[in-house]
Number of protein chains: 2
Amino acid sequence: MALYVYKFGGTSVGTVDKIQKVADKVKLAHDQGHKIVVVVSAMSGETNRLVDLAEQMQPRSDAREMDVLLSTGEQVTIALLSMALLERGCLARSYTGRQVPIVTDNSFTKARILSVDNTRLEADLEKGRIAVVAGFQGMTEYGCTTTLGRGGSDTTAVAIAASLKADECHIYTDVDGVYTTDPRIEPKARRLDKITFEEMLEMASLGSKVLQIRSVEFAGKYNVALRVLPSFEEGTGTLITYDEESNMEKALISGIAFNRDEAKLTITGVPDLPGIASKILTPIADKNIEVDMIIQNIASDRNTDFTFTVHRNDYEEAFAILQNTCDELGAKEVKGNDKIVKVSIVGVGMRSHAGIASTMFKALADESINIELIATSEIKISVVVYEKYLELAVRTLHAAFELDKVGT
Amino acid sequence: MALYVYKFGGTSVGTVDKIQKVADKVKLAHDQGHKIVVVVSAMSGETNRLVDLAEQMQPRSDAREMDVLLSTGEQVTIALLSMALLERGCLARSYTGRQVPIVTDNSFTKARILSVDNTRLEADLEKGRIAVVAGFQGMTEYGCTTTLGRGGSDTTAVAIAASLKADECHIYTDVDGVYTTDPRIEPKARRLDKITFEEMLEMASLGSKVLQIRSVEFAGKYNVALRVLPSFEEGTGTLITYDEESNMEKALISGIAFNRDEAKLTITGVPDLPGIASKILTPIADKNIEVDMIIQNIASDRNTDFTFTVHRNDYEEAFAILQNTCDELGAKEVKGNDKIVKVSIVGVGMRSHAGIASTMFKALADESINIELIATSEIKISVVVYEKYLELAVRTLHAAFELDKVGT
């Protein structure tokens with residue numbers, strides 16, 4: 001008999017019928033003797049309805065009052081799901097964030113959890129009760145209502161799972177797990193049974209459709225076994241865990257991630273002096289433009305070429321700033337390309353295996369895909385290529401590392 | 001500069017536009033230097049929407065979860081009104097029932113207020129803030145959410161006014177005050193500037209369209225000056241108060257109340273023995289039938305006639321029960337009439353003036369209206385007449401006591 005925290009998002013509780021189905025699912029697990037805490041989001045569409053009302057009142061809505069407003073969404077769902085469970089003969093009881101209580105800082109609309117008191121939840125579980133908890137919300141030390149921002153319900157579920165030392169935290173969604181890459185690009189993409197937290201974080205570009213990265217970080221920090229699985233279908237989904245041991249036989253590479261909408265900027269002929277990187281990047285950061293990859297090469301004559309990537313939306317603004325910096329520094333010129341993408345191979349296996357990079361580069365070269373930039377971390381190798389090569393590069397790498405084969 | 005508690009019901013905050021108008025009204029009073037607490041209900045229609053959702057989940061919905069669900073309605077309104085006030089440059093802050101906190105007993109869906117902590121509200125008022133409080137809700141000592149049942153927002157407003165010792169508690173509604181009688185029956189009916197709590201309670205049949213009787217009792221108990229006035233029109237409405245002194249010159253009678261849908265039952269030839277009333281009424285009470293007027297007359301030969309009135313819906317059931325009692329007691333027969341109504345004159349003035357009853361009976365007799373039953377209390381005289389005389393009786397008494405004339 002295990003203790004599980006289940007989380008159902010807005011689309012999974014979006015209608016009366018779906019809430020009934022969720023109740024059936026929860027009852028099944030409860031009848032098997034498991035202890036269950038269910039975390040739910042607002043019914044899909046409800047948050048938008050409330051935001052729309054707020055904007056009619058106050059176009060730039062007050063953050064404190066916005067949280068009072070938005071937190072009603074989950075409160076409706078916990079009551080309805082509890083009723084559905086009671087109707088099925090299960091003992092159930094609802095909790096808002098403040099009733100748990102989940103205490104947060106006072107950053108309204110994007111609060112961070114400071115503590116979870118599990119006294120009442122534990123007492124309920126001991127009595128055989130199902131606790132139904134509102135995701136996405138908490139309260140400050142002084143009793144103001146807060147919400148946790150995007151993906152907040154996942155974070156609530158993980159925080160409660162950590163606090164209760166749950167066996168697993170199940171995130172139910174409309175996909176059936178985490179894949180080796182996007183199946184829309186590579187139909188042979190395969191659902192992973194297991195992935196590590198670090199890999200999941202590096203797979204952000206894929207994973208964000210499944211799980212909020214913030215909750216993965218949180219789960220990693222508190223060692224909560226997270227499982228992503230489908231709300232209304234059979235399937236064991238994908239387990240996200242620290243456990244690398246059972247993966248000894250596993251593939252070197254877990255998946256192929258990619259980012260569309262990248263752009264790169266290069267400033268050439270920069271005098272190679274200490275502090276030059278800061279002089280180039282500070283004006284960019286001052287405009288709140290996020291920089292992803294950064295590459296600096298020594299060129300000839302004590303000059304250097306400096307390249308970085310930004311989101312494509314920020315390309316023009318960054319180009320103008322960089323042109324200005326170029327003039328100030330007496331550098332040679334600014335070059336750019338906003339038709340590039342980033343493709344990455346991710347896997348904890350590469351820590352202990354050499355030759356991964358050369359396999360990657362050779363596979364791309366065999367398809368005549370030119371690599372513009374390379375960046376590496378301990379468990380990820382990323383290359384920037386022209387946008388037109390995105391699909392080919394993903395499929396090539398998927399095949400090169402045999403990701404379509406189970407257990408390789 | 002005064003301290004006011006304003007209460008706006010569901011229809012007064014039923015749309016975004018109406019909430020904007022309420023904000024304008026509150027800002028006006030605040031700008032004049034008054035301290036304002038606003039109590040609001042759920043937007044009209046919202047409670048029905050939520051009840052409908054609940055019934056789809058659990059036809060006989062769990063009361064605890066129903067309160068979790070329903071309390072979201074007012075929470076939406078407090079956030080929206082606070083935003084509207086902030087947008088107008090007023091300092092404003094919302095409070096749910098539990099944030100005040102308003103502590104209730106644990107009778108879910110019909111809880112009673114045990115205490116109101118005004119510490120936070122007072123601190124806000126001192127800082128020039130408008131406090132926007134969710135009506136209709138509170139929490140138990142153990143932190144469960146409760147609602148106060150029908151008319152709960154009025155009760156919240158009165159409880160807060162009592163706690164803060166407010167100068168007046170304003171109940172804004174879609175009528176412009178309390179009338180001498182129903183204007184649909186007597187077009188000359190006149191709005192009363194002032195009425196006492198006791199009169200208001202005796203006028204229940206009229207007043208219930210304006211104010212929940214429970215909140216009037218509460219206001220009377222804690223001596224809160226209540227004023228009923230129109231949400232979106234000019235007008236000073238009707239003040240409900242203990243203050244009888246300024247009414248020395250006032251009319252003897254404040255208004256004409258009436259109850260339709262009455263029925264009367266008589267059991268004749270009952271042996272006049274101790275405990276006979278209990279023997280007759282206990283079987284009626286056992287079926288949860290409410291009895292209104294009770295009249296017992298000594299008849300001849302140590303026999304008595306016993307008459308009482310019930311709601312017309314209960315007439316047939318009561319008749320059958322009484323027939324049974326008649327057989328058991330060896331009484332003569334059961335007679336009944338379900339086409340009767342009750343018409344009452346109400347006024348604290350009758351305490352100190354004789355002859356009121358005879359004026360009433362003479363006026364009715366002049367119109368050949370036969371009186372079936374009479375019952376009196378300290379500030380009310382009620383007569384039962386045939387249903388067909390209702391309108392004539394109301395208009396006759398309205399004229400007889402000159403209620404259309406101001407200050408009589």
# chains A, B, ... in the order shown; residues from 1 in each chain; ligands from 1
$ residues_around --residues "range 251-260 of chain B" --least-positions-apart "6" --cutoff "6 Å" --atoms "only C-alpha atoms" --output "list in words"
Thr180, Thr181, Met203, Val341, Lys342, Val343, Ser344, Ile345, Val346, Gly347, Gly349, Met350 and Thr408 of chain B
$ write_last_selection --atoms "N, CA and C atoms" --output "PDB file, in the first residue's frame"
ATOM      1  N   THR B 180     -45.681  51.647   3.764  1.00  0.00           N
ATOM      2  CA  THR B 180     -46.780  51.455   4.711  1.00  0.00           C
ATOM      3  C   THR B 180     -47.571  50.197   4.396  1.00  0.00           C
ATOM      4  N   THR B 181     -47.622  49.825   3.136  1.00  0.00           N
ATOM      5  CA  THR B 181     -48.138  48.517   2.736  1.00  0.00           C
ATOM      6  C   THR B 181     -47.671  48.266   1.308  1.00  0.00           C
ATOM      7  N   MET B 203     -43.785  43.407  10.489  1.00  0.00           N
ATOM      8  CA  MET B 203     -44.122  43.652   9.084  1.00  0.00           C
ATOM      9  C   MET B 203     -43.470  42.616   8.170  1.00  0.00           C
ATOM     10  N   VAL B 341     -57.252  34.928   4.520  1.00  0.00           N
ATOM     11  CA  VAL B 341     -55.981  35.663   4.585  1.00  0.00           C
ATOM     12  C   VAL B 341     -55.899  36.365   5.937  1.00  0.00           C
ATOM     13  N   LYS B 342     -54.707  36.792   6.291  1.00  0.00           N
ATOM     14  CA  LYS B 342     -54.507  37.521   7.546  1.00  0.00           C
ATOM     15  C   LYS B 342     -54.080  38.945   7.205  1.00  0.00           C
ATOM     16  N   VAL B 343     -54.737  39.911   7.787  1.00  0.00           N
ATOM     17  CA  VAL B 343     -54.368  41.316   7.588  1.00  0.00           C
ATOM     18  C   VAL B 343     -54.057  41.902   8.961  1.00  0.00           C
ATOM     19  N   SER B 344     -52.911  42.620   9.053  1.00  0.00           N
ATOM     20  CA  SER B 344     -52.472  43.114  10.361  1.00  0.00           C
ATOM     21  C   SER B 344     -52.153  44.596  10.303  1.00  0.00           C
ATOM     22  N   ILE B 345     -52.485  45.300  11.380  1.00  0.00           N
ATOM     23  CA  ILE B 345     -51.973  46.660  11.528  1.00  0.00           C
ATOM     24  C   ILE B 345     -50.834  46.600  12.538  1.00  0.00           C
ATOM     25  N   VAL B 346     -49.739  47.330  12.238  1.00  0.00           N
ATOM     26  CA  VAL B 346     -48.518  47.251  13.041  1.00  0.00           C
ATOM     27  C   VAL B 346     -48.108  48.646  13.458  1.00  0.00           C
ATOM     28  N   GLY B 347     -47.764  48.821  14.730  1.00  0.00           N
ATOM     29  CA  GLY B 347     -47.275  50.133  15.149  1.00  0.00           C
ATOM     30  C   GLY B 347     -46.950  50.179  16.630  1.00  0.00           C
ATOM     31  N   GLY B 349     -47.009  52.732  18.232  1.00  0.00           N
ATOM     32  CA  GLY B 349     -47.916  53.746  18.780  1.00  0.00           C
ATOM     33  C   GLY B 349     -49.068  53.144  19.573  1.00  0.00           C
ATOM     34  N   MET B 350     -49.489  51.952  19.199  1.00  0.00           N
ATOM     35  CA  MET B 350     -50.671  51.384  19.869  1.00  0.00           C
ATOM     36  C   MET B 350     -50.397  51.012  21.318  1.00  0.00           C
ATOM     37  N   THR B 408     -48.331  62.050  10.046  1.00  0.00           N
ATOM     38  CA  THR B 408     -49.540  62.017  10.876  1.00  0.00           C
ATOM     39  C   THR B 408     -49.286  61.180  12.112  1.00  0.00           C
TER      40      THR B 408
END
$ interface_residues --of "chain B" --to "chain A" --cutoff "7 Å" --atoms "only C-alpha atoms" --output "list in words"
Ala54, Met57, Gln58, Ser61, Asp62, Glu65, Met66, Val68, Leu69, Thr72, Gln75, Val76, Ala79, Leu80, Ser82, Met83, Ala84, Glu87, Gln99 and Gly143 of chain B
$ select_by_dssp --residues "range 158-321 of chain B" --states "alpha helix (DSSP H)" --output "PyMOL selection string"
chain B and resi 158-164+197-202+204-207+213-221+276-286+315-321
